[in-house]
file final-v2.txt (compact mmCIF, C-alpha atoms)
# COMPACT_ATOMS: atom_id res chain seq x y z
CA MET A 1 183.55 170.83 160.00
CA ILE A 2 180.87 170.11 157.39
CA SER A 3 179.30 173.26 155.97
CA GLU A 4 175.70 174.24 156.43
CA GLN A 5 173.29 172.48 154.08
CA THR A 6 169.57 172.21 153.56
CA ILE A 7 168.52 168.59 153.16
CA LEU A 8 164.88 167.88 152.39
CA VAL A 9 163.35 164.42 152.79
CA VAL A 10 160.08 163.42 151.12
CA GLY A 11 158.36 160.55 152.92
CA GLY A 12 158.32 159.79 156.63
CA ASN A 13 158.28 156.04 157.10
CA ALA A 14 161.16 153.54 157.51
CA ALA A 15 163.47 154.92 154.82
CA GLY A 16 162.60 158.61 155.12
CA ALA A 17 162.80 158.79 158.91
CA ALA A 18 166.11 156.88 158.89
CA ALA A 19 167.51 159.15 156.16
CA ALA A 20 166.55 162.36 157.95
CA ALA A 21 167.93 161.25 161.31
CA LYS A 22 171.18 159.96 159.77
CA ALA A 23 171.74 163.14 157.73
CA LYS A 24 171.43 165.23 160.88
CA ARG A 25 173.84 162.98 162.79
CA VAL A 26 176.44 163.11 160.01
CA ASN A 27 176.10 166.89 159.58
CA PRO A 28 174.72 168.53 162.75
CA ASN A 29 175.00 171.91 161.00
CA ALA A 30 172.58 170.86 158.27
CA LYS A 31 169.00 172.06 158.21
CA VAL A 32 167.05 168.81 157.74
CA ILE A 33 163.31 168.89 157.03
CA LEU A 34 161.03 165.91 156.51
CA PHE A 35 157.67 166.04 154.70
CA GLU A 36 154.96 163.39 155.07
CA GLN A 37 151.64 163.40 153.24
CA SER A 38 149.76 161.43 155.91
CA LYS A 39 149.13 162.18 159.56
CA TYR A 40 151.77 159.70 160.78
CA ILE A 41 155.52 159.21 160.49
CA SER A 42 157.80 156.34 161.48
CA THR A 43 155.10 153.68 161.63
CA GLY A 44 155.45 149.91 161.71
CA THR A 45 153.73 148.70 158.55
CA CYS A 46 154.71 145.03 158.89
CA GLU A 47 152.82 145.00 162.19
CA LEU A 48 149.51 146.14 160.68
CA PRO A 49 147.88 142.67 160.37
CA TYR A 50 148.65 142.03 164.05
CA VAL A 51 147.07 145.34 165.05
CA LEU A 52 144.05 144.28 163.03
CA SER A 53 143.79 140.92 164.83
CA GLY A 54 144.28 142.51 168.25
CA GLU A 55 147.57 140.70 168.94
CA ILE A 56 149.06 144.19 169.13
CA GLU A 57 146.46 145.90 171.28
CA ASP A 58 147.42 149.56 170.98
CA LEU A 59 147.48 151.02 167.49
CA HIS A 60 149.62 153.91 168.68
CA SER A 61 152.36 151.51 169.82
CA ILE A 62 153.41 151.11 166.17
CA VAL A 63 153.68 154.88 165.66
CA PHE A 64 157.23 155.33 166.94
CA PHE A 65 157.50 159.11 166.54
CA ASP A 66 155.32 162.16 166.06
CA GLU A 67 156.47 165.56 164.81
CA GLN A 68 157.39 166.86 168.26
CA LYS A 69 159.20 163.75 169.46
CA PHE A 70 161.18 163.47 166.23
CA TYR A 71 162.32 167.06 166.55
CA GLN A 72 163.21 166.64 170.22
CA GLU A 73 165.20 163.43 169.71
CA LYS A 74 166.54 163.84 166.16
CA ASN A 75 166.56 167.64 165.78
CA VAL A 76 164.73 167.29 162.46
CA LYS A 77 161.76 169.50 161.59
CA VAL A 78 158.77 167.44 160.43
CA TYR A 79 155.72 168.56 158.46
CA THR A 80 152.94 165.95 158.41
CA LYS A 81 149.85 166.40 156.20
CA HIS A 82 152.11 168.12 153.69
CA GLN A 83 152.14 166.86 150.12
CA VAL A 84 155.15 167.53 147.90
CA GLU A 85 153.63 168.34 144.53
CA GLU A 86 156.57 169.32 142.35
CA ILE A 87 160.36 169.27 142.19
CA ASN A 88 162.15 171.99 140.25
CA THR A 89 165.66 170.71 139.56
CA LYS A 90 166.75 173.99 137.94
CA THR A 91 166.00 176.13 140.99
CA LYS A 92 166.59 173.18 143.37
CA SER A 93 163.29 173.71 145.12
CA ILE A 94 160.09 171.83 145.89
CA SER A 95 156.47 172.95 145.97
CA VAL A 96 154.56 171.69 149.01
CA LEU A 97 150.82 171.75 149.66
CA SER A 98 149.68 172.00 153.28
CA LEU A 99 146.66 169.71 153.29
CA ASN A 100 145.21 171.37 156.38
CA GLU A 101 145.60 174.96 155.19
CA GLN A 102 145.31 174.24 151.47
CA LYS A 103 148.25 176.60 150.95
CA ARG A 104 151.39 176.04 148.88
CA TYR A 105 154.92 176.72 150.05
CA GLU A 106 158.32 176.65 148.36
CA PHE A 107 161.39 175.09 149.99
CA SER A 108 164.90 175.20 148.55
CA TYR A 109 167.36 172.35 148.95
CA ASP A 110 171.02 171.55 148.55
CA LYS A 111 170.23 167.83 148.63
CA LEU A 112 166.88 166.10 148.28
CA ILE A 113 166.01 162.56 149.39
CA LEU A 114 162.99 160.78 147.96
CA ALA A 115 161.54 158.11 150.24
CA THR A 116 158.03 158.04 148.81
CA GLY A 117 157.59 154.31 149.41
CA ALA A 118 155.12 152.03 147.70
CA LYS A 119 151.41 152.17 147.02
CA ALA A 120 148.88 149.36 147.11
CA LYS A 121 147.91 148.10 143.67
CA ARG A 122 144.31 148.86 142.80
CA ILE A 123 141.72 146.33 141.71
CA SER A 124 140.55 147.58 138.32
CA ASN A 125 136.86 146.73 138.72
CA LEU A 126 136.53 148.15 142.24
CA SER A 127 136.00 151.91 142.29
CA PRO A 128 137.99 153.92 144.86
CA GLU A 129 134.66 155.52 145.78
CA LEU A 130 133.38 152.31 147.40
CA THR A 131 133.04 152.86 151.14
CA ASN A 132 133.64 149.30 152.38
CA VAL A 133 136.80 148.51 150.42
CA SER A 134 140.29 149.21 151.74
CA SER A 135 143.88 148.18 151.25
CA LEU A 136 146.07 147.31 154.25
CA LYS A 137 149.05 149.60 153.82
CA SER A 138 148.87 152.31 156.47
CA VAL A 139 147.69 153.21 159.95
CA GLU A 140 144.75 155.01 158.34
CA ASP A 141 143.80 151.77 156.57
CA VAL A 142 143.74 149.84 159.87
CA ILE A 143 141.53 152.51 161.45
CA GLN A 144 139.14 152.27 158.51
CA ILE A 145 139.07 148.45 158.57
CA LYS A 146 138.44 148.41 162.33
CA ASN A 147 135.36 150.53 161.62
CA PHE A 148 134.27 148.00 158.98
CA ILE A 149 134.62 145.27 161.60
CA LYS A 150 132.49 147.17 164.15
CA GLU A 151 129.71 147.68 161.60
CA ALA A 152 129.79 144.14 160.17
CA LYS A 153 126.44 142.33 160.30
CA GLN A 154 127.14 139.16 158.33
CA LYS A 155 130.59 138.53 159.88
CA LYS A 156 131.80 137.73 156.38
CA ALA A 157 134.82 139.38 154.79
CA CYS A 158 136.60 139.13 151.47
CA VAL A 159 140.37 139.35 151.02
CA ILE A 160 141.68 139.83 147.47
CA GLY A 161 145.14 138.42 146.91
CA SER A 162 146.78 135.47 148.67
CA GLY A 163 150.36 136.68 148.93
CA TYR A 164 152.12 137.57 152.17
CA ILE A 165 149.73 140.32 153.26
CA GLY A 166 146.64 138.47 152.06
CA LEU A 167 147.51 135.41 154.13
CA GLU A 168 148.24 137.49 157.24
CA THR A 169 145.01 139.45 156.77
CA SER A 170 142.96 136.29 156.31
CA GLU A 171 144.37 134.90 159.54
CA ALA A 172 143.63 138.14 161.41
CA LEU A 173 140.00 138.18 160.29
CA ASN A 174 139.66 134.47 161.04
CA LYS A 175 140.84 135.10 164.60
CA LEU A 176 138.21 137.83 164.92
CA GLY A 177 135.49 135.29 164.11
CA PHE A 178 134.89 136.24 160.48
CA GLU A 179 134.08 133.84 157.70
CA VAL A 180 136.83 134.70 155.23
CA TYR A 181 136.69 134.42 151.44
CA LEU A 182 140.20 134.60 150.00
CA ILE A 183 140.21 135.45 146.29
CA GLU A 184 143.16 134.64 144.03
CA GLN A 185 143.50 134.81 140.25
CA ALA A 186 145.90 131.85 140.27
CA ASN A 187 144.75 128.28 140.82
CA GLU A 188 146.54 127.91 144.17
CA PRO A 189 147.23 130.30 147.06
CA PHE A 190 150.56 132.05 147.55
CA PRO A 191 151.35 132.05 143.81
CA SER A 192 154.85 133.52 144.21
CA ALA A 193 155.98 130.48 146.24
CA ASP A 194 157.25 127.15 144.93
CA ARG A 195 154.74 124.42 144.04
CA GLU A 196 155.23 122.34 147.21
CA ILE A 197 154.72 125.41 149.42
CA ARG A 198 151.56 126.40 147.55
CA GLN A 199 150.07 122.96 148.17
CA LEU A 200 151.00 123.01 151.87
CA VAL A 201 149.50 126.49 152.27
CA LYS A 202 146.28 125.36 150.56
CA LYS A 203 146.05 122.50 153.07
CA ILE A 204 146.53 124.93 155.98
CA LEU A 205 143.80 127.23 154.65
CA ASN A 206 141.40 124.29 154.35
CA GLU A 207 142.16 123.18 157.91
CA LYS A 208 141.51 126.70 159.21
CA LYS A 209 138.28 126.94 157.21
CA ILE A 210 139.40 129.83 155.02
CA ASN A 211 137.28 129.76 151.85
CA PHE A 212 139.88 129.86 149.09
CA LEU A 213 138.47 130.94 145.73
CA GLY A 214 141.09 130.25 143.07
CA ASN A 215 141.01 131.05 139.33
CA ALA A 216 138.92 134.03 140.34
CA GLY A 217 139.80 136.43 137.53
CA ASN A 218 136.16 136.66 136.51
CA VAL A 219 134.68 137.26 139.98
CA LYS A 220 131.97 139.93 139.95
CA TYR A 221 130.74 142.25 142.66
CA ARG A 222 127.22 143.43 143.39
CA ILE A 223 127.17 147.01 144.62
CA ALA A 224 124.47 148.85 146.56
CA ASN A 225 124.69 152.30 148.16
CA SER A 226 128.41 152.63 147.34
CA LYS A 227 129.22 149.31 149.02
CA VAL A 228 130.09 145.85 147.77
CA VAL A 229 127.40 143.63 149.26
CA GLU A 230 127.85 140.40 147.35
CA LEU A 231 130.44 138.32 145.50
CA LEU A 232 129.37 136.45 142.37
CA TYR A 233 131.77 133.56 141.85
CA ASP A 234 131.40 130.39 139.79
CA GLY A 235 127.60 130.51 139.94
CA ARG A 236 127.57 131.26 143.66
CA SER A 237 126.28 134.34 145.41
CA ILE A 238 128.14 135.23 148.64
CA GLU A 239 127.07 138.09 150.91
CA ILE A 240 129.94 140.02 152.50
CA ASP A 241 130.47 142.98 154.84
CA PHE A 242 133.67 144.42 153.38
CA ILE A 243 136.70 143.78 151.17
CA ILE A 244 140.41 144.15 151.94
CA THR A 245 142.63 144.32 148.85
CA CYS A 246 146.05 142.69 149.17
CA SER A 247 147.09 142.43 145.55
CA GLY A 248 150.64 143.69 145.96
CA PHE A 249 152.54 146.96 145.86
CA ALA A 250 154.09 149.21 143.25
CA PRO A 251 156.62 152.05 143.64
CA ASN A 252 154.94 155.33 144.57
CA ASN A 253 156.82 157.43 142.06
CA SER A 254 154.59 160.13 140.56
CA LEU A 255 157.14 162.75 141.70
CA ALA A 256 160.01 160.83 140.12
CA PHE A 257 158.15 160.48 136.81
CA GLN A 258 157.23 164.16 136.85
CA THR A 259 160.87 165.08 137.51
CA LYS A 260 162.00 162.73 134.72
CA LEU A 261 164.26 160.72 137.01
CA GLU A 262 165.46 157.50 135.42
CA THR A 263 163.28 154.52 136.40
CA GLY A 264 163.45 150.79 135.75
CA LYS A 265 161.09 148.09 134.50
CA SER A 266 159.18 147.95 137.81
CA GLY A 267 158.70 151.72 137.88
CA GLY A 268 161.24 151.96 140.71
CA ILE A 269 163.79 154.77 140.66
CA LYS A 270 167.21 153.75 139.36
CA VAL A 271 170.02 154.61 141.78
CA ASN A 272 173.78 154.03 141.93
CA ASN A 273 175.54 152.35 144.85
CA LYS A 274 175.49 155.64 146.76
CA LEU A 275 171.72 155.84 146.19
CA GLN A 276 172.01 158.85 143.90
CA THR A 277 169.39 159.16 141.19
CA SER A 278 169.99 160.39 137.64
CA GLN A 279 169.96 163.89 139.20
CA LYS A 280 173.15 164.01 141.31
CA ASP A 281 171.65 166.17 144.09
CA ILE A 282 168.63 163.89 144.49
CA TYR A 283 168.91 160.63 146.40
CA ALA A 284 166.26 157.93 146.76
CA CYS A 285 165.73 155.05 149.17
CA GLY A 286 163.15 152.55 150.35
CA ASP A 287 160.25 150.97 148.50
CA CYS A 288 160.38 153.54 145.67
CA ILE A 289 163.71 152.32 144.26
CA GLU A 290 165.14 149.38 142.39
CA LEU A 291 168.19 147.72 143.89
CA LYS A 292 170.87 145.31 142.74
CA ASN A 293 170.10 141.63 143.28
CA PHE A 294 173.18 139.80 144.60
CA ILE A 295 172.41 136.58 142.70
CA THR A 296 171.42 137.92 139.29
CA ARG A 297 173.47 141.16 139.49
CA SER A 298 170.55 142.90 137.79
CA ASP A 299 168.17 145.56 139.07
CA ASP A 300 165.24 144.22 141.09
CA TYR A 301 162.27 145.55 143.04
CA ILE A 302 162.16 144.11 146.58
CA PRO A 303 160.06 146.28 148.92
CA LEU A 304 161.18 145.17 152.40
CA ALA A 305 161.26 147.33 155.54
CA THR A 306 164.69 146.06 156.58
CA PHE A 307 166.17 147.07 153.23
CA ALA A 308 164.39 150.43 153.35
CA GLN A 309 165.77 151.34 156.76
CA ARG A 310 169.36 150.47 155.76
CA GLN A 311 168.98 152.40 152.50
CA GLY A 312 167.70 155.39 154.47
CA HIS A 313 170.88 155.48 156.55
CA ILE A 314 173.05 155.36 153.44
CA ALA A 315 171.07 157.99 151.52
CA GLY A 316 171.05 160.26 154.58
CA GLU A 317 174.78 159.91 155.12
CA ASN A 318 175.62 160.60 151.48
CA ALA A 319 173.23 163.56 151.23
CA ALA A 320 175.15 165.00 154.18
CA LEU A 321 178.36 164.64 152.12
CA GLY A 322 179.30 161.22 153.45
CA ASN A 323 180.66 158.32 151.45
CA ALA A 324 178.61 155.19 152.18
CA PHE A 325 177.77 152.43 149.70
CA TYR A 326 174.79 150.12 149.35
CA GLN A 327 175.70 146.56 148.46
CA PRO A 328 173.68 144.11 146.31
CA VAL A 329 171.04 142.30 148.35
CA ILE A 330 169.67 138.81 148.84
CA LYS A 331 165.92 138.63 149.35
CA ASN A 332 165.22 137.05 152.74
CA ILE A 333 161.58 137.21 153.80
CA SER A 334 159.22 135.31 156.09
CA VAL A 335 155.55 135.25 157.07
CA LYS A 336 153.43 133.61 159.74
CA ILE A 337 150.67 131.40 158.32
CA PHE A 338 148.45 130.43 161.27
CA ASP A 339 150.50 127.92 163.32
CA ASN A 340 153.25 127.73 160.70
CA TYR A 341 156.02 129.96 159.46
CA PHE A 342 157.27 130.35 155.91
CA ALA A 343 160.68 131.67 154.94
CA GLN A 344 162.08 132.24 151.47
CA VAL A 345 165.59 133.36 150.61
CA GLY A 346 167.24 134.10 147.28
CA LEU A 347 165.33 133.23 144.10
CA THR A 348 162.28 131.00 143.75
CA GLU A 349 161.87 128.24 141.19
CA GLN A 350 159.58 130.49 139.14
CA GLU A 351 162.10 133.33 139.14
CA LEU A 352 164.91 131.03 138.04
CA GLN A 353 162.77 129.63 135.24
CA SER A 354 161.69 133.09 134.06
CA LYS A 355 165.32 134.25 134.00
CA LYS A 356 166.37 131.01 132.24
CA ILE A 357 168.89 130.19 134.96
CA PRO A 358 169.55 126.42 135.05
CA PHE A 359 169.20 124.87 138.51
CA VAL A 360 168.74 121.67 140.49
CA ALA A 361 166.22 121.34 143.33
CA VAL A 362 166.31 119.04 146.34
CA ALA A 363 163.56 118.92 148.96
CA GLU A 364 162.72 117.06 152.16
CA ALA A 365 160.36 117.17 155.13
CA VAL A 366 161.65 116.11 158.56
CA PRO A 367 160.63 116.73 162.19
CA ASN A 368 161.84 120.05 163.57
CA LEU A 369 162.55 118.41 166.94
CA VAL A 370 163.36 114.90 168.06
CA LYS A 371 160.23 112.85 167.32
CA VAL A 372 159.59 111.94 170.97
CA MET A 373 159.15 115.63 171.88
CA LYS A 374 155.43 116.39 171.86
CA GLU A 375 155.99 119.81 170.24
CA SER A 376 157.66 118.18 167.24
CA ILE A 377 156.10 119.08 163.87
CA PRO A 378 157.20 118.47 160.26
CA VAL A 379 159.29 121.15 158.60
CA PHE A 380 159.60 121.27 154.83
CA GLY A 381 162.72 122.55 153.13
CA LYS A 382 163.82 123.00 149.55
CA ILE A 383 167.06 124.37 148.17
CA LEU A 384 167.83 125.40 144.59
CA PHE A 385 171.40 125.40 143.34
CA ASP A 386 173.55 125.53 140.23
CA ARG A 387 174.29 122.01 138.95
CA SER A 388 177.93 122.63 137.97
CA SER A 389 179.15 125.07 140.66
CA LYS A 390 176.76 123.79 143.40
CA LYS A 391 176.30 127.40 144.54
CA ILE A 392 172.95 127.96 146.22
CA LEU A 393 170.47 130.15 144.32
CA GLY A 394 167.48 130.03 146.66
CA ALA A 395 165.59 128.13 149.34
CA SER A 396 162.12 127.83 150.88
CA PHE A 397 161.02 126.50 154.26
CA LEU A 398 157.68 125.89 155.96
CA GLY A 399 157.46 124.75 159.57
CA GLY A 400 158.05 126.24 163.02
CA LYS A 401 160.05 129.27 164.08
CA GLU A 402 163.29 127.50 163.19
CA VAL A 403 162.73 128.35 159.51
CA SER A 404 163.92 131.92 160.15
CA GLY A 405 167.32 130.62 161.24
CA TYR A 406 167.47 128.21 158.29
CA ALA A 407 166.85 131.09 155.88
CA ASP A 408 169.56 133.19 157.54
CA ILE A 409 172.07 130.34 157.21
CA ILE A 410 171.21 129.94 153.51
CA SER A 411 171.55 133.69 153.01
CA THR A 412 175.05 133.51 154.50
CA TYR A 413 175.92 130.58 152.23
CA ILE A 414 174.75 132.52 149.17
CA LYS A 415 176.61 135.70 150.15
CA ASN A 416 179.84 133.76 150.69
CA ASN A 417 179.50 131.47 147.63
CA ILE A 418 179.53 128.32 149.78
CA GLN A 419 178.52 125.18 147.92
CA ALA A 420 175.23 123.45 148.76
CA GLN A 421 176.83 120.15 149.83
CA GLN A 422 178.66 121.97 152.64
CA LEU A 423 175.33 122.10 154.45
CA ALA A 424 175.99 118.43 155.27
CA ASN A 425 179.35 119.31 156.83
CA THR A 426 178.15 122.15 159.07
CA GLU A 427 177.93 121.59 162.82
CA TYR A 428 174.38 122.35 163.97
CA ASN A 429 173.32 122.97 167.53
CA TYR A 430 171.38 120.11 169.13
CA THR A 431 169.20 119.65 172.18
CA PRO A 432 165.88 117.70 172.12
CA PRO A 433 163.56 120.61 173.10
CA LEU A 434 165.13 122.91 170.50
CA SER A 435 166.36 120.99 167.47
CA PRO A 436 166.39 117.60 165.73
CA PHE A 437 169.26 115.14 165.99
CA ILE A 438 169.88 115.53 162.25
CA ASN A 439 169.19 119.05 161.02
CA LEU A 440 167.03 119.55 157.92
CA LEU A 441 169.82 121.58 156.32
CA SER A 442 172.18 118.66 156.77
CA VAL A 443 169.67 116.36 155.05
CA LEU A 444 169.36 118.79 152.15
CA GLY A 445 173.15 119.10 151.94
CA ARG A 446 173.49 115.31 151.62
CA LYS A 447 170.89 115.28 148.85
CA ALA A 448 172.75 118.07 147.05
CA GLU A 449 176.02 116.15 147.40
CA SER A 450 174.50 113.07 145.76
CA THR A 451 173.13 115.05 142.83
CA ARG A 452 175.19 114.84 139.68
call {"tool": "encode", "arguments": {"input": "final-v2.txt", "output": "structure tokens"}}
result
Amino acid sequence: MISEQTILVVGGNAAGAAAAAKAKRVNPNAKVILFEQSKYISTGTCELPYVLSGEIEDLHSIVFFDEQKFYQEKNVKVYTKHQVEEINTKTKSISVLSLNEQKRYEFSYDKLILATGAKAKRISNLSPELTNVSSLKSVEDVIQIKNFIKEAKQKKACVIGSGYIGLETSEALNKLGFEVYLIEQANEPFPSADREIRQLVKKILNEKKINFLGNAGNVKYRIANSKVVELLYDGRSIEIDFIITCSGFAPNNSLAFQTKLETGKSGGIKVNNKLQTSQKDIYACGDCIELKNFITRSDDYIPLATFAQRQGHIAGENAALGNAFYQPVIKNISVKIFDNYFAQVGLTEQELQSKKIPFVAVAEAVPNLVKVMKESIPVFGKILFDRSSKKILGASFLGGKEVSGYADIISTYIKNNIQAQQLANTEYNYTPPLSPFINLLSVLGRKAESTR
């Protein structure tokens, strides 16, 4: 029987909730306590744009647990609205501020798990005091933005940043009848994607009448009564109701820095394959850590909910004296862009170039169904592979829902070191309402085979 322990978890979303529940399952005798700074735990953050658009009607449907339900089902004590202010590694204790009572409490631990997540990057020339500017990172953010929407008079909104969240947010506001101005410092939208994808996304935005403002590093804002009321861009003056910032995320690691835990280039906490930090009794998981990239074998920062939840299970098990290991990962991510879906797996062309990894690219666009099917649309695919070994390094797809399956197949190829030309020799499922006679992956495999 495992001895009694006190395991404290800081952070209550995907990683933290998973870690706390797993620790209690592995060691039922442990005293497991979870602390969350906000009002909510175990929320669905990827669903936030769809709550905003109304596609998910009930905001509370993405709050999967509250304090009481988590205790009843997981036997874990939860303190929401409690901010962990300090970690004392010598006494193995934490100092916690109750935000409601404004009182501080001390809790001792045998093992501590940090799951502090990520924070939205700030826009330097937009003060946090502005009352009509918000990020889209939390349930509280959605509540605030919904209030902006109710009070909007011009029905004009600005979204800053055209990455994954920026594109989803622009679509949500467009569906709500807003005229959307999408600001991006780069020349084209979706700057992290490959060139062909960026151009296709720009075409989609034009078709959907999203006002894309590229090269917008010098955009200015006119402020009145603590609100941004106007954008000044390229000699134009544009009245707006509110701004949503979607300029990316960074590890939320003030506690880790204060505790002098080892961190990497991204500011993420460095962990070993058991998710231990540089302090052996402190584990970390989720969007606050760096992880090992399967392709490069170097540390990387990839804040994805699926990774966070799996890391939570491993950190929780090991904190409860288990022996689980986290393996290197392959980035596999997708996003809905109006009537299209984008999926990207492995490394992008830009990432390969920046890391000076030589590669060959092949690309093609084919129908996703047999042409005579009225639902048939073009799907674009591109794979990147090593010229000599033919091992796949990355891929991008833009089309219908089939792109998710394509990305999963490529991920499996990468994980198992299968050469790119074998895509041409794989047997793909076929029926006219579901798939094309010749699969896009087969076409790309033939192109890879002919490349010398």
call {"tool": "atom_distance", "arguments": {"input": "final-v2.txt", "atom1": "atom CA of Glu101 of chain A", "atom2": "atom CA of Glu140 of chain A"}}
result
20.2 Å
call {"tool": "residues_near_point", "arguments": {"input": "final-v2.txt", "point": "(150.7, 125.1, 151.7)", "cutoff": "10 Å", "atoms": "only C-alpha atoms", "output": "count of residues only"}}
result
21
call {"tool": "residues_around", "arguments": {"input": "final-v2.txt", "residues": "Ala319 of chain A", "least_positions_apart": "4", "cutoff": "7 Å", "atoms": "all atoms listed in the file", "output": "ChimeraX atom specification"}}
result
/A:23,111,315
call {"tool": "atom_distance", "arguments": {"input": "final-v2.txt", "atom1": "atom CA of Val370 of chain A", "atom2": "atom CA of Ile414 of chain A"}}
result
28.2 Å
call {"tool": "residues_around", "arguments": {"input": "final-v2.txt", "residues": "segment 235-238 of chain A", "least_positions_apart": "4", "cutoff": "12 Å", "atoms": "only C-alpha atoms", "output": "PyMOL selection string"}}
result
chain A and resi 154-158+179-181+211+213+216+218-222+228-231+242
call {"tool": "closest_residue", "arguments": {"input": "final-v2.txt", "among": "A:Asp66, A:Gly217, A:Lys280, A:Ser38", "to": "Asn125 of chain A", "atoms": "all atoms listed in the file"}}
result
A:Gly217
call {"tool": "closest_residue", "arguments": {"input": "final-v2.txt", "among": "A:Val76, A:Ile183, A:Ile243, A:Ile333", "to": "Tyr164 of chain A", "atoms": "only C-alpha atoms"}}
result
A:Ile333
call {"tool": "residues_around", "arguments": {"input": "final-v2.txt", "residues": "segment 430-434 of chain A", "least_positions_apart": "3", "cutoff": "10 Å", "atoms": "only C-alpha atoms", "output": "short mmCIF file (atom, residue, chain, number, x, y, z; two decimals) with C-alpha atoms, in the frame of the given file"}}
result
data_model
loop_
_atom_site.label_atom_id
_atom_site.label_comp_id
_atom_site.auth_asym_id
_atom_site.auth_seq_id
_atom_site.Cartn_x
_atom_site.Cartn_y
_atom_site.Cartn_z
CA ASN A 368 161.84 120.05 163.57
CA LEU A 369 162.55 118.41 166.94
CA VAL A 370 163.36 114.90 168.06
CA LYS A 371 160.23 112.85 167.32
CA VAL A 372 159.59 111.94 170.97
CA MET A 373 159.15 115.63 171.88
CA LYS A 374 155.43 116.39 171.86
CA GLU A 375 155.99 119.81 170.24
CA SER A 376 157.66 118.18 167.24
CA GLU A 402 163.29 127.50 163.19
CA GLU A 427 177.93 121.59 162.82
CA PHE A 437 169.26 115.14 165.99
CA ILE A 438 169.88 115.53 162.25
CA ASN A 439 169.19 119.05 161.02
#
call {"tool": "residues_around", "arguments": {"input": "final-v2.txt", "residues": "Glu184 of chain A", "least_positions_apart": "3", "cutoff": "6 Å", "atoms": "all atoms listed in the file", "output": "mmCIF file with C-alpha atoms, keeping the file's coordinate frame"}}
result
data_model
loop_
_atom_site.group_PDB
_atom_site.id
_atom_site.type_symbol
_atom_site.label_atom_id
_atom_site.label_comp_id
_atom_site.auth_asym_id
_atom_site.auth_seq_id
_atom_site.Cartn_x
_atom_site.Cartn_y
_atom_site.Cartn_z
ATOM 1 C CA GLY A 161 145.140 138.420 146.910
ATOM 2 C CA SER A 162 146.780 135.470 148.670
ATOM 3 C CA GLY A 214 141.090 130.250 143.070
ATOM 4 C CA ALA A 216 138.920 134.030 140.340
#
call {"tool": "residues_around", "arguments": {"input": "final-v2.txt", "residues": "Val379 of chain A", "least_positions_apart": "5", "cutoff": "9 Å", "atoms": "all atoms listed in the file", "output": "PDB file with C-alpha atoms, in the coordinates of the input"}}
result
ATOM      1  CA  GLU A 364     162.720 117.060 152.160  1.00  0.00           C
ATOM      2  CA  ALA A 365     160.360 117.170 155.130  1.00  0.00           C
ATOM      3  CA  VAL A 366     161.650 116.110 158.560  1.00  0.00           C
ATOM      4  CA  PRO A 367     160.630 116.730 162.190  1.00  0.00           C
ATOM      5  CA  ASN A 368     161.840 120.050 163.570  1.00  0.00           C
ATOM      6  CA  PHE A 397     161.020 126.500 154.260  1.00  0.00           C
ATOM      7  CA  LEU A 398     157.680 125.890 155.960  1.00  0.00           C
ATOM      8  CA  GLY A 399     157.460 124.750 159.570  1.00  0.00           C
ATOM      9  CA  GLY A 400     158.050 126.240 163.020  1.00  0.00           C
ATOM     10  CA  GLU A 402     163.290 127.500 163.190  1.00  0.00           C
ATOM     11  CA  VAL A 403     162.730 128.350 159.510  1.00  0.00           C
ATOM     12  CA  LEU A 440     167.030 119.550 157.920  1.00  0.00           C
TER      13      LEU A 440
END
call {"tool": "axis_aligned_box", "arguments": {"input": "final-v2.txt", "around": "segment 63-66 of chain A", "padding_each_side": "3 Å", "output": "AutoDock Vina command-line options"}}
result
--center_x 155.6 --center_y 158.5 --center_z 166.3 --size_x 9.8 --size_y 13.3 --size_z 7.3
call {"tool": "closest_atom_pairs", "arguments": {"input": "final-v2.txt", "of": "segment 292-347 of chain A", "to": "segment 251-268 of chain A", "cutoff": "9 Å", "atoms": "all atoms listed in the file", "output": "CSV"}}
result
residue,atom,partner,partner_atom,distance
A:Asp299,CA,A:Gly264,CA,7.8
A:Asp300,CA,A:Ser266,CA,7.8
A:Tyr301,CA,A:Ser266,CA,6.5
A:Pro303,CA,A:Pro251,CA,8.5
call {"tool": "atom_distance", "arguments": {"input": "final-v2.txt", "atom1": "atom CA of Leu182 of chain A", "atom2": "atom CA of Cys246 of chain A"}}
result
10.0 Å
call {"tool": "closest_residue", "arguments": {"input": "final-v2.txt", "among": "A:Gln102, A:Ser134, A:Ser435, A:Ser334", "to": "Leu167 of chain A", "atoms": "all atoms listed in the file"}}
result
A:Ser334
call {"tool": "closest_residue", "arguments": {"input": "final-v2.txt", "among": "A:Ile314, A:Ile123, A:Leu291, A:Leu444", "to": "Val159 of chain A", "atoms": "all atoms listed in the file"}}
result
A:Ile123
call {"tool": "closest_residue", "arguments": {"input": "final-v2.txt", "among": "A:Gln422, A:Ser247, A:Thr296, A:Ser450", "to": "Leu136 of chain A", "atoms": "only C-alpha atoms"}}
result
A:Ser247
call {"tool": "closest_residue", "arguments": {"input": "final-v2.txt", "among": "A:Lys382, A:Lys22, A:His82, A:Lys401", "to": "Glu349 of chain A", "atoms": "all atoms listed in the file"}}
result
A:Lys382
call {"tool": "residues_near_point", "arguments": {"input": "final-v2.txt", "point": "(143.2, 151.5, 160.3)", "cutoff": "12 Å", "atoms": "all atoms listed in the file", "output": "NGL selection string"}}
result
:A and (40 or 45 or 47-53 or 58-60 or 62 or 134-149 or 244)
